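Asks: Got a structure for you, model-v5.txt, holding compact mmCIF, C-alpha atoms and all ligand atoms.
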```txt
# COMPACT_ATOMS: atom_id res chain seq x y z
CA MET A 25 -109.03 289.76 -11.13
CA PRO A 26 -112.63 290.44 -10.06
CA GLY A 27 -115.76 289.08 -11.65
CA PHE A 28 -117.20 292.55 -12.16
CA GLU A 29 -114.92 292.84 -15.18
CA PHE A 30 -117.10 290.27 -16.95
CA PHE A 31 -120.55 291.53 -16.12
CA GLY A 32 -123.41 291.48 -18.54
CA GLU A 33 -126.43 289.82 -20.05
CA GLU A 34 -126.17 286.63 -17.97
CA GLU A 35 -126.34 288.50 -14.65
CA ARG A 36 -129.21 290.64 -15.94
CA LYS A 37 -131.19 287.57 -16.94
CA GLU A 38 -130.86 285.92 -13.54
CA VAL A 39 -131.83 289.12 -11.71
CA ASN A 40 -134.79 289.60 -14.04
CA ASP A 41 -136.07 286.11 -13.15
CA VAL A 42 -136.38 287.38 -9.58
CA MET A 43 -137.88 290.71 -10.66
CA GLU A 44 -140.56 288.82 -12.59
CA THR A 45 -141.92 287.24 -9.42
CA GLY A 46 -141.06 290.12 -7.08
CA ILE A 47 -140.03 287.67 -4.35
CA LEU A 48 -136.72 289.10 -3.22
CA MET A 49 -136.42 286.92 -0.12
CA ARG A 50 -134.83 283.51 -0.11
CA TYR A 51 -137.31 281.87 2.28
CA GLY A 52 -141.07 281.36 2.10
CA PHE A 53 -143.63 282.73 -0.37
CA ASP A 54 -143.65 279.31 -2.03
CA GLY A 55 -146.65 280.02 -4.29
CA PRO A 56 -145.89 283.51 -5.63
CA ARG A 57 -142.22 282.70 -6.32
CA LYS A 58 -143.27 280.28 -9.05
CA GLY A 59 -140.36 277.92 -8.61
CA THR A 60 -137.64 280.61 -8.54
CA TRP A 61 -135.14 279.80 -5.77
CA LYS A 62 -131.87 281.56 -6.66
CA ALA A 63 -130.17 281.18 -3.27
CA ILE A 64 -130.85 277.45 -3.16
CA GLU A 65 -129.67 277.09 -6.75
CA LEU A 66 -126.46 278.95 -5.99
CA GLU A 67 -125.81 276.83 -2.89
CA GLN A 68 -126.20 273.70 -5.01
CA ALA A 69 -123.88 275.12 -7.67
CA ILE A 70 -121.28 275.91 -4.99
CA CYS A 71 -121.43 272.36 -3.60
CA GLU A 72 -121.00 270.90 -7.07
CA ARG A 73 -118.25 273.23 -8.27
CA PHE A 74 -116.11 273.10 -5.14
CA GLY A 75 -116.86 269.60 -3.94
CA SER A 76 -118.34 270.68 -0.64
CA LYS A 77 -121.10 268.59 0.91
CA TYR A 78 -122.95 271.64 2.20
CA ALA A 79 -123.04 275.39 1.56
CA GLN A 80 -124.86 278.17 3.40
CA LEU A 81 -125.02 281.56 1.71
CA THR A 82 -124.74 284.68 3.86
CA SER A 83 -124.98 288.44 3.43
CA SER A 84 -121.18 288.90 3.26
CA GLY A 85 -117.84 287.17 3.71
CA THR A 86 -117.63 288.79 7.15
CA THR A 87 -120.95 287.30 8.26
CA ALA A 88 -119.89 283.96 6.75
CA LEU A 89 -116.82 283.96 9.03
CA THR A 90 -118.89 285.10 12.01
CA THR A 91 -121.42 282.34 11.34
CA ALA A 92 -118.74 279.68 10.95
CA MET A 93 -117.13 280.67 14.24
CA ALA A 94 -120.37 280.79 16.21
CA VAL A 95 -121.52 277.48 14.77
CA LEU A 96 -118.18 275.82 15.55
CA GLY A 97 -118.68 276.93 19.14
CA ILE A 98 -116.00 279.62 19.20
CA GLY A 99 -116.82 282.35 21.72
CA ALA A 100 -115.83 284.13 24.92
CA GLY A 101 -112.68 282.66 26.47
CA ASP A 102 -111.46 281.13 23.21
CA GLU A 103 -108.42 282.14 21.18
CA VAL A 104 -108.28 282.04 17.39
CA ILE A 105 -104.81 282.02 15.81
CA MET A 106 -104.77 284.07 12.61
CA PRO A 107 -102.23 285.87 10.41
CA CYS A 108 -101.16 289.52 10.76
CA PHE A 109 -101.59 289.93 6.98
CA THR A 110 -105.24 289.64 5.93
CA PHE A 111 -108.29 291.86 5.44
CA VAL A 112 -109.77 293.49 8.56
CA ALA A 113 -112.86 291.27 8.23
CA SER A 114 -110.93 288.28 9.60
CA PHE A 115 -110.39 289.78 13.06
CA GLU A 116 -113.76 291.55 13.01
CA ALA A 117 -115.42 288.14 12.88
CA VAL A 118 -113.33 286.80 15.78
CA LEU A 119 -114.16 289.84 17.92
CA SER A 120 -117.85 289.71 17.01
CA VAL A 121 -118.26 286.26 18.59
CA GLY A 122 -116.48 287.38 21.77
CA ALA A 123 -113.27 285.44 21.09
CA VAL A 124 -109.68 286.69 21.13
CA PRO A 125 -107.77 287.08 17.86
CA VAL A 126 -104.17 285.94 18.30
CA LEU A 127 -102.18 287.45 15.45
CA VAL A 128 -99.00 285.71 14.34
CA ASP A 129 -96.38 286.07 11.63
CA VAL A 130 -96.66 285.16 7.98
CA ASP A 131 -93.82 283.72 5.90
CA ASP A 132 -92.88 283.80 2.22
CA THR A 133 -96.27 282.19 1.39
CA LEU A 134 -97.83 285.49 2.65
CA THR A 135 -99.98 283.26 4.87
CA LEU A 136 -99.63 281.74 8.35
CA ASN A 137 -96.14 280.64 9.28
CA PRO A 138 -96.70 277.17 10.82
CA LEU A 139 -93.81 277.69 13.26
CA ALA A 140 -95.35 280.92 14.50
CA VAL A 141 -98.66 279.11 14.89
CA ARG A 142 -97.03 276.39 17.01
CA GLY A 143 -95.49 279.04 19.24
CA ALA A 144 -98.86 280.70 19.78
CA VAL A 145 -100.87 277.65 20.88
CA THR A 146 -102.09 277.94 24.49
CA PRO A 147 -104.66 275.97 26.51
CA LYS A 148 -107.22 278.57 25.37
CA THR A 149 -106.60 278.07 21.65
CA LYS A 150 -109.72 276.73 19.98
CA CYS A 151 -109.16 277.34 16.30
CA ILE A 152 -106.53 278.03 13.67
CA MET A 153 -107.75 280.33 10.92
CA PRO A 154 -105.46 280.46 7.90
CA VAL A 155 -106.27 283.20 5.41
CA HIS A 156 -105.54 282.17 1.84
CA MET A 157 -104.41 285.61 0.71
CA CYS A 158 -104.20 286.99 -2.80
CA GLY A 159 -105.43 283.93 -4.67
CA SER A 160 -103.03 281.39 -3.23
CA MET A 161 -102.91 279.08 -0.23
CA ALA A 162 -101.56 278.55 3.26
CA ASN A 163 -99.46 275.52 4.10
CA LEU A 164 -102.54 273.46 4.97
CA GLY A 165 -100.70 270.17 5.48
CA GLU A 166 -98.66 271.59 8.35
CA LEU A 167 -101.60 273.47 9.84
CA GLN A 168 -103.75 270.34 9.75
CA ALA A 169 -101.00 268.48 11.61
CA ILE A 170 -100.94 271.15 14.34
CA CYS A 171 -104.74 271.02 14.62
CA LYS A 172 -104.65 267.27 15.00
CA GLU A 173 -101.87 267.36 17.59
CA HIS A 174 -103.66 269.91 19.76
CA ASN A 175 -107.26 268.99 18.92
CA LEU A 176 -108.04 272.37 17.33
CA LEU A 177 -110.58 273.48 14.75
CA LEU A 178 -109.42 274.55 11.29
CA LEU A 179 -111.43 277.39 9.73
CA GLU A 180 -110.30 278.54 6.29
CA ASP A 181 -110.78 282.16 5.31
CA ALA A 182 -110.72 281.52 1.57
CA CYS A 183 -112.53 284.78 0.78
CA GLN A 184 -109.76 285.88 -1.61
CA SER A 185 -109.05 282.51 -3.18
CA ILE A 186 -112.20 281.28 -4.85
CA GLY A 187 -111.28 278.47 -7.23
CA ALA A 188 -107.81 277.82 -5.79
CA THR A 189 -107.00 274.27 -4.67
CA TYR A 190 -104.63 272.42 -2.35
CA GLN A 191 -103.73 268.86 -3.33
CA GLY A 192 -106.72 268.78 -5.64
CA LYS A 193 -109.28 269.99 -3.10
CA ALA A 194 -110.92 273.42 -3.26
CA LEU A 195 -109.69 275.90 -0.66
CA GLY A 196 -112.50 276.45 1.80
CA THR A 197 -113.58 272.79 1.77
CA ILE A 198 -110.60 271.33 3.61
CA GLY A 199 -111.04 272.59 7.18
CA ASP A 200 -113.96 272.05 9.57
CA ALA A 201 -115.51 274.97 7.69
CA GLY A 202 -114.39 277.49 5.09
CA THR A 203 -115.69 280.75 3.70
CA PHE A 204 -115.80 282.72 0.46
CA SER A 205 -116.70 286.37 0.02
CA PHE A 206 -118.71 287.48 -2.98
CA ASP A 207 -118.26 291.19 -2.39
CA PHE A 208 -117.78 293.43 -5.41
CA VAL A 209 -114.03 292.97 -5.86
CA LYS A 210 -113.77 289.22 -5.32
CA THR A 211 -113.11 286.58 -8.00
CA ILE A 212 -116.85 286.12 -8.44
CA THR A 213 -119.34 288.59 -7.02
CA CYS A 214 -122.94 288.82 -5.85
CA GLY A 215 -122.58 292.56 -5.22
CA GLU A 216 -122.48 291.59 -1.54
CA GLY A 217 -122.53 288.04 -0.24
CA GLY A 218 -120.62 285.16 1.23
CA VAL A 219 -120.81 281.44 1.91
CA VAL A 220 -119.89 278.95 4.60
CA MET A 221 -118.86 275.56 3.23
CA THR A 222 -118.62 272.42 5.33
CA ASN A 223 -118.75 268.66 5.01
CA SER A 224 -120.52 268.29 8.35
CA GLU A 225 -124.29 268.08 8.31
CA ASP A 226 -124.44 269.28 11.91
CA VAL A 227 -122.35 272.39 11.13
CA TYR A 228 -124.44 273.08 8.04
CA LYS A 229 -127.79 272.79 9.83
CA LYS A 230 -126.59 275.16 12.52
CA CYS A 231 -125.46 277.64 9.82
CA ASP A 232 -128.88 277.41 8.20
CA HIS A 233 -130.62 278.31 11.47
CA TYR A 234 -128.04 280.80 12.77
CA THR A 235 -128.10 283.02 9.68
CA ASP A 236 -131.90 283.33 9.94
CA HIS A 237 -132.48 284.33 13.60
CA GLY A 238 -132.09 280.75 14.80
CA HIS A 239 -135.36 279.76 13.04
CA ASP A 240 -135.30 275.98 12.70
CA HIS A 241 -136.99 275.96 9.27
CA ALA A 242 -139.04 272.99 10.39
CA GLY A 243 -142.39 274.71 10.90
CA VAL A 244 -145.38 274.43 8.54
CA ASP A 245 -144.78 278.12 7.81
CA ARG A 246 -142.10 280.63 8.89
CA GLY A 247 -144.18 281.83 11.83
CA ALA A 248 -144.27 278.30 13.22
CA ASP A 249 -140.48 277.93 13.33
CA LEU A 250 -138.93 277.23 16.71
CA HIS A 251 -135.56 278.47 17.98
CA PRO A 252 -133.17 275.79 19.20
CA PHE A 253 -130.59 278.56 19.81
CA LEU A 254 -129.94 282.28 19.27
CA GLY A 255 -129.19 283.52 15.79
CA TYR A 256 -128.99 286.67 13.69
CA ASN A 257 -130.12 287.87 10.28
CA PHE A 258 -127.19 287.23 7.98
CA ARG A 259 -129.37 286.23 5.00
CA ILE A 260 -128.52 286.84 1.37
CA SER A 261 -131.29 288.21 -0.86
CA GLU A 262 -132.54 286.50 -4.00
CA LEU A 263 -131.27 289.44 -6.08
CA HIS A 264 -127.74 289.01 -4.84
CA ALA A 265 -127.85 285.24 -5.21
CA ALA A 266 -129.10 285.65 -8.77
CA VAL A 267 -126.00 287.66 -9.70
CA GLY A 268 -123.79 285.02 -8.10
CA LEU A 269 -125.47 282.28 -10.08
CA ALA A 270 -124.50 283.94 -13.36
CA GLN A 271 -120.99 284.55 -12.03
CA ILE A 272 -120.23 281.03 -10.82
CA ARG A 273 -120.93 279.74 -14.32
CA LYS A 274 -118.11 282.01 -15.54
CA LEU A 275 -115.62 281.03 -12.84
CA ASP A 276 -113.70 278.50 -14.90
CA THR A 277 -113.29 281.04 -17.69
CA PHE A 278 -111.98 283.59 -15.16
CA LEU A 279 -109.50 281.07 -13.75
CA THR A 280 -108.21 280.06 -17.18
CA ILE A 281 -107.58 283.69 -18.12
CA GLN A 282 -106.00 284.52 -14.75
CA LYS A 283 -103.59 281.60 -14.94
CA LYS A 284 -102.58 282.44 -18.50
CA ASN A 285 -102.08 286.16 -17.82
CA ASN A 286 -100.28 285.51 -14.54
CA LYS A 287 -97.76 283.14 -16.13
CA ALA A 288 -97.19 285.52 -19.06
CA LEU A 289 -96.56 288.52 -16.78
CA ARG A 290 -94.26 286.49 -14.57
CA VAL A 291 -91.90 285.83 -17.49
CA TYR A 292 -91.00 289.55 -17.62
CA LEU A 293 -90.08 289.63 -13.93
CA GLU A 294 -88.29 286.28 -13.95
CA GLN A 295 -85.68 287.83 -16.22
CA ILE A 296 -84.50 290.02 -13.34
CA PRO A 297 -82.27 287.93 -11.03
CA GLU A 298 -82.88 290.20 -8.01
CA ILE A 299 -86.63 289.38 -8.04
CA THR A 300 -88.00 286.37 -6.16
CA PHE A 301 -91.58 285.15 -5.97
CA ARG A 302 -94.09 284.24 -3.32
CA ALA A 303 -93.84 280.61 -2.20
CA VAL A 304 -96.92 278.59 -3.18
CA PRO A 305 -97.36 275.30 -1.25
CA ASP A 306 -99.17 273.72 -4.24
CA GLU A 307 -98.27 275.56 -7.46
CA ALA A 308 -100.99 273.86 -9.48
CA GLY A 309 -103.63 275.16 -7.08
CA ASP A 310 -102.85 278.89 -7.35
CA SER A 311 -105.92 280.76 -8.62
CA CYS A 312 -103.50 283.40 -9.95
CA THR A 313 -105.57 286.48 -9.08
CA PHE A 314 -102.27 288.20 -8.19
CA LEU A 315 -98.62 287.82 -9.03
CA SER A 316 -96.79 288.52 -5.77
CA TRP A 317 -93.05 289.18 -5.90
CA PHE A 318 -90.22 290.35 -3.66
CA LEU A 319 -87.36 292.80 -4.14
CA PRO A 320 -84.11 292.44 -2.17
CA THR A 321 -84.74 295.35 0.24
CA GLU A 322 -87.56 297.56 1.52
CA GLU A 323 -85.72 300.60 0.15
CA LEU A 324 -85.66 299.16 -3.38
CA THR A 325 -89.31 298.17 -3.10
CA ARG A 326 -90.31 301.68 -2.07
CA ALA A 327 -88.25 303.08 -4.94
CA VAL A 328 -90.01 300.79 -7.43
CA ILE A 329 -93.42 301.85 -6.09
CA ALA A 330 -92.39 305.52 -6.30
CA GLU A 331 -91.19 305.07 -9.89
CA LEU A 332 -94.40 303.26 -10.92
CA LYS A 333 -96.33 306.17 -9.43
CA ALA A 334 -94.15 308.75 -11.16
CA GLN A 335 -94.76 307.04 -14.50
CA GLY A 336 -98.52 306.86 -13.85
CA ILE A 337 -98.60 303.05 -13.93
CA LEU A 338 -98.99 302.22 -10.24
CA ALA A 339 -102.64 301.11 -10.57
CA GLY A 340 -102.99 297.38 -9.96
CA ASN A 341 -99.69 297.11 -8.06
CA PHE A 342 -100.19 296.78 -4.31
CA TYR A 343 -97.63 297.51 -1.60
CA TRP A 344 -99.48 295.91 1.33
CA TYR A 345 -96.86 297.06 3.85
CA ASP A 346 -98.25 300.62 3.70
CA ASN A 347 -101.85 299.58 3.11
CA ASN A 348 -104.38 300.56 5.78
CA TRP A 349 -106.63 297.56 5.21
CA HIS A 350 -104.43 294.51 5.08
CA TYR A 351 -101.47 294.61 7.45
CA ILE A 352 -101.00 294.93 11.22
CA ARG A 353 -98.70 297.95 10.84
CA LYS A 354 -101.59 300.28 10.01
CA TRP A 355 -104.35 298.72 12.11
CA ASP A 356 -104.25 301.38 14.82
CA HIS A 357 -107.93 300.93 15.65
CA LEU A 358 -107.24 297.27 16.42
CA LYS A 359 -104.02 297.87 18.36
CA ASN A 360 -105.71 300.60 20.42
CA ALA A 361 -108.84 298.46 20.95
CA THR A 362 -110.91 301.39 19.70
CA SER A 363 -114.44 300.04 19.85
CA LEU A 364 -117.75 301.89 20.06
CA ASN A 365 -119.02 299.38 22.59
CA ASN A 366 -117.31 297.53 25.39
CA LEU A 367 -115.03 294.66 24.40
CA ASN A 368 -114.53 291.90 26.97
CA ASP A 369 -111.42 292.09 29.15
CA ALA A 370 -109.58 289.25 27.43
CA GLN A 371 -110.11 290.91 24.06
CA LYS A 372 -108.98 294.33 25.29
CA GLN A 373 -105.82 292.93 26.87
CA ALA A 374 -104.91 290.91 23.79
CA LEU A 375 -105.43 293.83 21.42
CA LEU A 376 -103.36 296.27 23.48
CA GLN A 377 -100.55 293.70 23.54
CA LEU A 378 -100.37 293.93 19.75
CA GLN A 379 -98.79 297.39 20.14
CA THR A 380 -95.55 295.86 21.36
CA GLN A 381 -95.64 292.47 19.67
CA ASP A 382 -92.72 291.82 17.31
CA PHE A 383 -93.83 291.32 13.72
CA SER A 384 -90.37 291.85 12.21
CA LYS A 385 -90.48 288.39 10.58
CA SER A 386 -93.57 289.47 8.66
CA ASP A 387 -92.12 292.93 7.95
CA HIS A 388 -89.21 291.09 6.34
CA TRP A 389 -91.59 289.73 3.67
CA LEU A 390 -94.30 292.39 3.42
CA GLY A 391 -91.80 295.24 3.36
CA ARG A 392 -90.36 293.82 0.13
CA CYS A 393 -93.53 292.50 -1.50
CA ILE A 394 -95.48 293.89 -4.42
CA SER A 395 -98.66 292.14 -5.57
CA THR A 396 -99.68 292.80 -9.14
CA ALA A 397 -103.39 292.24 -9.81
CA ILE A 398 -104.09 290.11 -12.86
CA GLY A 399 -106.70 291.56 -15.22
CA LEU A 400 -109.30 289.42 -16.99
CA THR A 401 -109.75 291.75 -19.93
CA TRP A 402 -106.12 292.43 -20.85
CA THR A 403 -105.36 292.00 -24.54
CA ASP A 404 -102.07 290.38 -25.53
CA GLU A 405 -100.73 293.83 -26.47
CA GLN A 406 -101.74 295.31 -23.10
CA LEU A 407 -100.12 292.43 -21.27
CA LYS A 408 -96.91 292.85 -23.21
CA GLU A 409 -96.88 296.57 -22.51
CA LYS A 410 -97.51 296.01 -18.78
CA GLY A 411 -94.76 293.39 -18.59
CA GLU A 412 -92.23 295.49 -20.45
CA LYS A 413 -92.97 298.64 -18.42
CA LEU A 414 -92.83 296.79 -15.11
CA GLN A 415 -89.55 295.17 -16.08
CA ALA A 416 -88.11 298.51 -17.23
CA VAL A 417 -89.08 300.24 -13.97
CA VAL A 418 -87.44 297.57 -11.83
CA LYS A 419 -84.30 297.57 -13.98
CA LYS A 420 -84.09 301.37 -13.83
CA VAL A 421 -84.43 301.44 -10.04
CA LEU A 422 -81.93 298.62 -9.57
CA SER A 423 -79.32 300.26 -11.77
CA GLU A 424 -79.77 303.69 -10.15
CA LYS A 425 -79.48 302.25 -6.66
CA LEU A 426 -76.48 300.17 -7.64
CA VAL A 427 -74.74 303.32 -8.88
CA GLU A 428 -75.59 305.08 -5.60
CA ALA A 429 -74.23 302.21 -3.52
C1 LIG A 501 -113.15 290.18 1.35
C2 LIG A 501 -112.63 289.44 2.51
C3 LIG A 501 -113.43 289.01 3.59
C4 LIG A 501 -114.90 289.28 3.72
O1 LIG A 501 -115.32 290.37 3.10
P1 LIG A 501 -116.79 290.91 2.85
O2 LIG A 501 -116.49 292.21 2.19
O3 LIG A 501 -117.44 291.02 4.16
O4 LIG A 501 -117.51 289.98 1.94
C5 LIG A 501 -112.84 288.26 4.58
N1 LIG A 501 -111.55 287.94 4.56
C6 LIG A 501 -110.74 288.32 3.54
C7 LIG A 501 -109.31 287.89 3.56
C8 LIG A 501 -111.25 289.09 2.51
O5 LIG A 501 -110.42 289.50 1.53
```
Just give me the structure as structure tokens.

Replies:
Amino acid sequence: MPGFEFFGEEERKEVNDVMETGILMRYGFDGPRKGTWKAIELEQAICERFGSKYAQLTSSGTTALTTAMAVLGIGAGDEVIMPCFTFVASFEAVLSVGAVPVLVDVDDTLTLNPLAVRGAVTPKTKCIMPVHMCGSMANLGELQAICKEHNLLLLEDACQSIGATYQGKALGTIGDAGTFSFDFVKTITCGEGGVVMTNSEDVYKKCDHYTDHGHDHAGVDRGADLHPFLGYNFRISELHAAVGLAQIRKLDTFLTIQKKNNKALRVYLEQIPEITFRAVPDEAGDSCTFLSWFLPTEELTRAVIAELKAQGILAGNFYWYDNNWHYIRKWDHLKNATSLNNLNDAQKQALLQLQTQDFSKSDHWLGRCISTAIGLTWTDEQLKEKGEKLQAVVKKVLSEKLVEA
């Protein structure tokens, strides 16, 4: 799945270009950097590869989301509708701009359930933020329709779905803005890094200023920059951008391997009639980082996980329902509004309400879901062995439980 599996000479070369000049910062030092501009080069490569008009690199996927929200004017008093299955970074970004995260159910796509979104729209709703989880996509057509009807912003958290598409367009380029993460375990990595993509020049220019203290980048030198508005330091370094530049050139290779391995592994599970698969709104657009599948009951799913563990082959199989990072069930710090500093009253109230909110519709899917990470370096023999073992474990559990019943 992640780009770190294919790490080597190409990354070293790009980083060494930066080491040669010693200019580790993306702005300024025009003379000494001798024409080396890795961040700018990577932004251009991102625009070309994903068909985005503009791209602004950031220090992480989290700061990319924070930047996108601030720049889109999302702040205190605003509600952002987002899924209850995602990575913690999604709600961190909402909270960091002073807005209220409104968590709603996911469906068999493992992403926002459009019906749940409709039910959560209030006069305070400003933005819908689908999270394209585990390499695949949300039902963007329906979400776009809701945005249009209610005049809402669409911000795509595509951090986990680099290279996936919906109706031929790259995820992350379809909404008013979209983000990728380039952290160490993402499809391509910078070590740490992220990007905001947008087709709006206004949004882009604001991202450019906001991620560099609000500096307008219009002065004769950095010290002469003015500040049209407040900003922060969410800059990426040249070293990180250099790694990303080598990685983006490998993306199409990664995607080809992922798709091939994913389809091959799926064949083993398809032979078991009790197994169903995650719904994918546009099958051709799945980046195939994971194969996500469902068992008939939570009990059977837990038994399969236990058996995989007992046989020492659990690694790479994720049961998100029990995972501390990705699902509402285990986000006690969020549900208790445990913050080191004071949250605003609207935020506090909304978070405490999560304690009693009914997420049984999401439990219905997540409680029965296993996501199997797709490796880039698997040999045909390894893939066959994985498929056969996985199939055998599920068959064993199903037959044992059938006997019990
Ligand atoms: C990885 C990730 C992010 C951002 O992560 P960073 O580690 O800050 O780059 C945001 N949303 C989702 C869904 C992610 O998986």

Asks: For ligand LIG 501 (chain A), collect every residue having any atom at a distance of at most 6 Å from a ligand atom (counting only C-alpha atoms and all ligand atoms); output as a PDB file with C-alpha atoms, keeping the file's coordinate frame.

Replies:
```
ATOM      1  CA  SER A  84    -121.180 288.900   3.260  1.00  0.00           C
ATOM      2  CA  GLY A  85    -117.840 287.170   3.710  1.00  0.00           C
ATOM      3  CA  THR A  86    -117.630 288.790   7.150  1.00  0.00           C
ATOM      4  CA  THR A 110    -105.240 289.640   5.930  1.00  0.00           C
ATOM      5  CA  PHE A 111    -108.290 291.860   5.440  1.00  0.00           C
ATOM      6  CA  ALA A 113    -112.860 291.270   8.230  1.00  0.00           C
ATOM      7  CA  SER A 114    -110.930 288.280   9.600  1.00  0.00           C
ATOM      8  CA  VAL A 155    -106.270 283.200   5.410  1.00  0.00           C
ATOM      9  CA  ASP A 181    -110.780 282.160   5.310  1.00  0.00           C
ATOM     10  CA  CYS A 183    -112.530 284.780   0.780  1.00  0.00           C
ATOM     11  CA  GLN A 184    -109.760 285.880  -1.610  1.00  0.00           C
ATOM     12  CA  SER A 205    -116.700 286.370   0.020  1.00  0.00           C
ATOM     13  CA  PHE A 206    -118.710 287.480  -2.980  1.00  0.00           C
ATOM     14  CA  ASP A 207    -118.260 291.190  -2.390  1.00  0.00           C
ATOM     15  CA  GLY A 217    -122.530 288.040  -0.240  1.00  0.00           C
ATOM     16  CA  GLY A 218    -120.620 285.160   1.230  1.00  0.00           C
TER      17      GLY A 218
END
```

Asks: Select, from A:Leu400, A:Leu367, A:Ile299, A:Leu426, the residue with the minimum atom-to-atom distance to Val121 in chain A, counting only C-alpha atoms.

Replies: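 Among the listed residues, A:Leu367 lies closest to Val121 in chain A.
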
Asks: Counting all atoms listed in the file, what is within 12 Å of Glu216 in chain A, bar same-chain residues fewer than 4 positions away, as a PyMOL selection string?

Replies: chain A and resi 28+81-88+204-210+212+258-268

Asks: Extending 3 Å beyond the listed atoms of range 358-372 of chain A on each side, what axis-aligned box results? I want centre and edge lengths in Å to one decimal, as JSON.

Replies:
```
{"center_x": -111.5, "center_y": 295.6, "center_z": 22.8, "size_x": 21.0, "size_y": 18.6, "size_z": 18.7}
```

Asks: Would you mind telling me which residue in A:Lys274, A:Ala303, A:Phe314, A:Tyr51 lies nearest to Asp245 in chain A when using only C-alpha atoms?

Replies: A:Tyr51

Asks: Within 10 Å of Gly97 in chain A, counting all atoms listed in the file, which residues show up once you throw out same-chain ones fewer than 2 positions away? Write them as an NGL selection string, please.

Replies: :A and (91-95 or 99-100 or 102 or 121 or 150-151 or 177 or 227)

Asks: What's the separation between CA of Gly55 in chain A and CA of Met43 in chain A, in Å to one decimal place?

Replies: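 Separation of CA of Gly55 in chain A and CA of Met43 in chain A: 15.2 Å.
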
Asks: Measuring atom to atom with only C-alpha atoms, identify which of A:Ala63, A:Ala79, A:Val418, A:Met49 is nearest to Gln295 in chain A.

Replies: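 Once distances to Gln295 in chain A are computed over only C-alpha atoms, the minimum belongs to A:Val418.
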
Asks: Could I get range 380-391 of chain A rebuilt with N, CA, C and O atoms, written as a PDB file, in the coordinates of the input?

Replies:
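Below is the file that was written, rebuild-v4.pdb:
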```
ATOM      1  N   THR A 380     -96.972 296.133  21.124  1.00  0.00           N
ATOM      2  CA  THR A 380     -95.550 295.860  21.360  1.00  0.00           C
ATOM      3  C   THR A 380     -95.106 294.514  20.817  1.00  0.00           C
ATOM      4  O   THR A 380     -93.943 294.148  20.940  1.00  0.00           O
ATOM      5  N   GLN A 381     -96.025 293.779  20.218  1.00  0.00           N
ATOM      6  CA  GLN A 381     -95.640 292.470  19.670  1.00  0.00           C
ATOM      7  C   GLN A 381     -94.701 292.636  18.477  1.00  0.00           C
ATOM      8  O   GLN A 381     -94.847 293.571  17.678  1.00  0.00           O
ATOM      9  N   ASP A 382     -93.730 291.744  18.374  1.00  0.00           N
ATOM     10  CA  ASP A 382     -92.720 291.820  17.310  1.00  0.00           C
ATOM     11  C   ASP A 382     -93.228 291.123  16.045  1.00  0.00           C
ATOM     12  O   ASP A 382     -93.440 289.903  16.046  1.00  0.00           O
ATOM     13  N   PHE A 383     -93.424 291.904  15.004  1.00  0.00           N
ATOM     14  CA  PHE A 383     -93.830 291.320  13.720  1.00  0.00           C
ATOM     15  C   PHE A 383     -92.717 291.480  12.667  1.00  0.00           C
ATOM     16  O   PHE A 383     -92.999 291.526  11.471  1.00  0.00           O
ATOM     17  N   SER A 384     -91.468 291.580  13.147  1.00  0.00           N
ATOM     18  CA  SER A 384     -90.370 291.850  12.210  1.00  0.00           C
ATOM     19  C   SER A 384     -90.214 290.730  11.173  1.00  0.00           C
ATOM     20  O   SER A 384     -89.781 290.978  10.044  1.00  0.00           O
ATOM     21  N   LYS A 385     -90.588 289.487  11.555  1.00  0.00           N
ATOM     22  CA  LYS A 385     -90.480 288.390  10.580  1.00  0.00           C
ATOM     23  C   LYS A 385     -91.466 288.591   9.431  1.00  0.00           C
ATOM     24  O   LYS A 385     -91.185 288.205   8.291  1.00  0.00           O
ATOM     25  N   SER A 386     -92.599 289.180   9.725  1.00  0.00           N
ATOM     26  CA  SER A 386     -93.570 289.470   8.660  1.00  0.00           C
ATOM     27  C   SER A 386     -93.151 290.715   7.881  1.00  0.00           C
ATOM     28  O   SER A 386     -93.269 290.755   6.648  1.00  0.00           O
ATOM     29  N   ASP A 387     -92.636 291.722   8.614  1.00  0.00           N
ATOM     30  CA  ASP A 387     -92.120 292.930   7.950  1.00  0.00           C
ATOM     31  C   ASP A 387     -91.080 292.548   6.888  1.00  0.00           C
ATOM     32  O   ASP A 387     -91.029 293.133   5.808  1.00  0.00           O
ATOM     33  N   HIS A 388     -90.278 291.554   7.236  1.00  0.00           N
ATOM     34  CA  HIS A 388     -89.210 291.090   6.340  1.00  0.00           C
ATOM     35  C   HIS A 388     -89.783 290.697   4.971  1.00  0.00           C
ATOM     36  O   HIS A 388     -89.157 290.934   3.933  1.00  0.00           O
ATOM     37  N   TRP A 389     -90.967 290.126   4.949  1.00  0.00           N
ATOM     38  CA  TRP A 389     -91.590 289.730   3.670  1.00  0.00           C
ATOM     39  C   TRP A 389     -92.470 290.839   3.106  1.00  0.00           C
ATOM     40  O   TRP A 389     -92.347 291.208   1.941  1.00  0.00           O
ATOM     41  N   LEU A 390     -93.357 291.389   3.940  1.00  0.00           N
ATOM     42  CA  LEU A 390     -94.300 292.390   3.420  1.00  0.00           C
ATOM     43  C   LEU A 390     -93.615 293.675   3.005  1.00  0.00           C
ATOM     44  O   LEU A 390     -94.045 294.338   2.069  1.00  0.00           O
ATOM     45  N   GLY A 391     -92.523 294.019   3.686  1.00  0.00           N
ATOM     46  CA  GLY A 391     -91.800 295.240   3.360  1.00  0.00           C
ATOM     47  C   GLY A 391     -91.168 295.192   1.970  1.00  0.00           C
ATOM     48  O   GLY A 391     -90.794 296.220   1.412  1.00  0.00           O
TER      49      GLY A 391
END
```
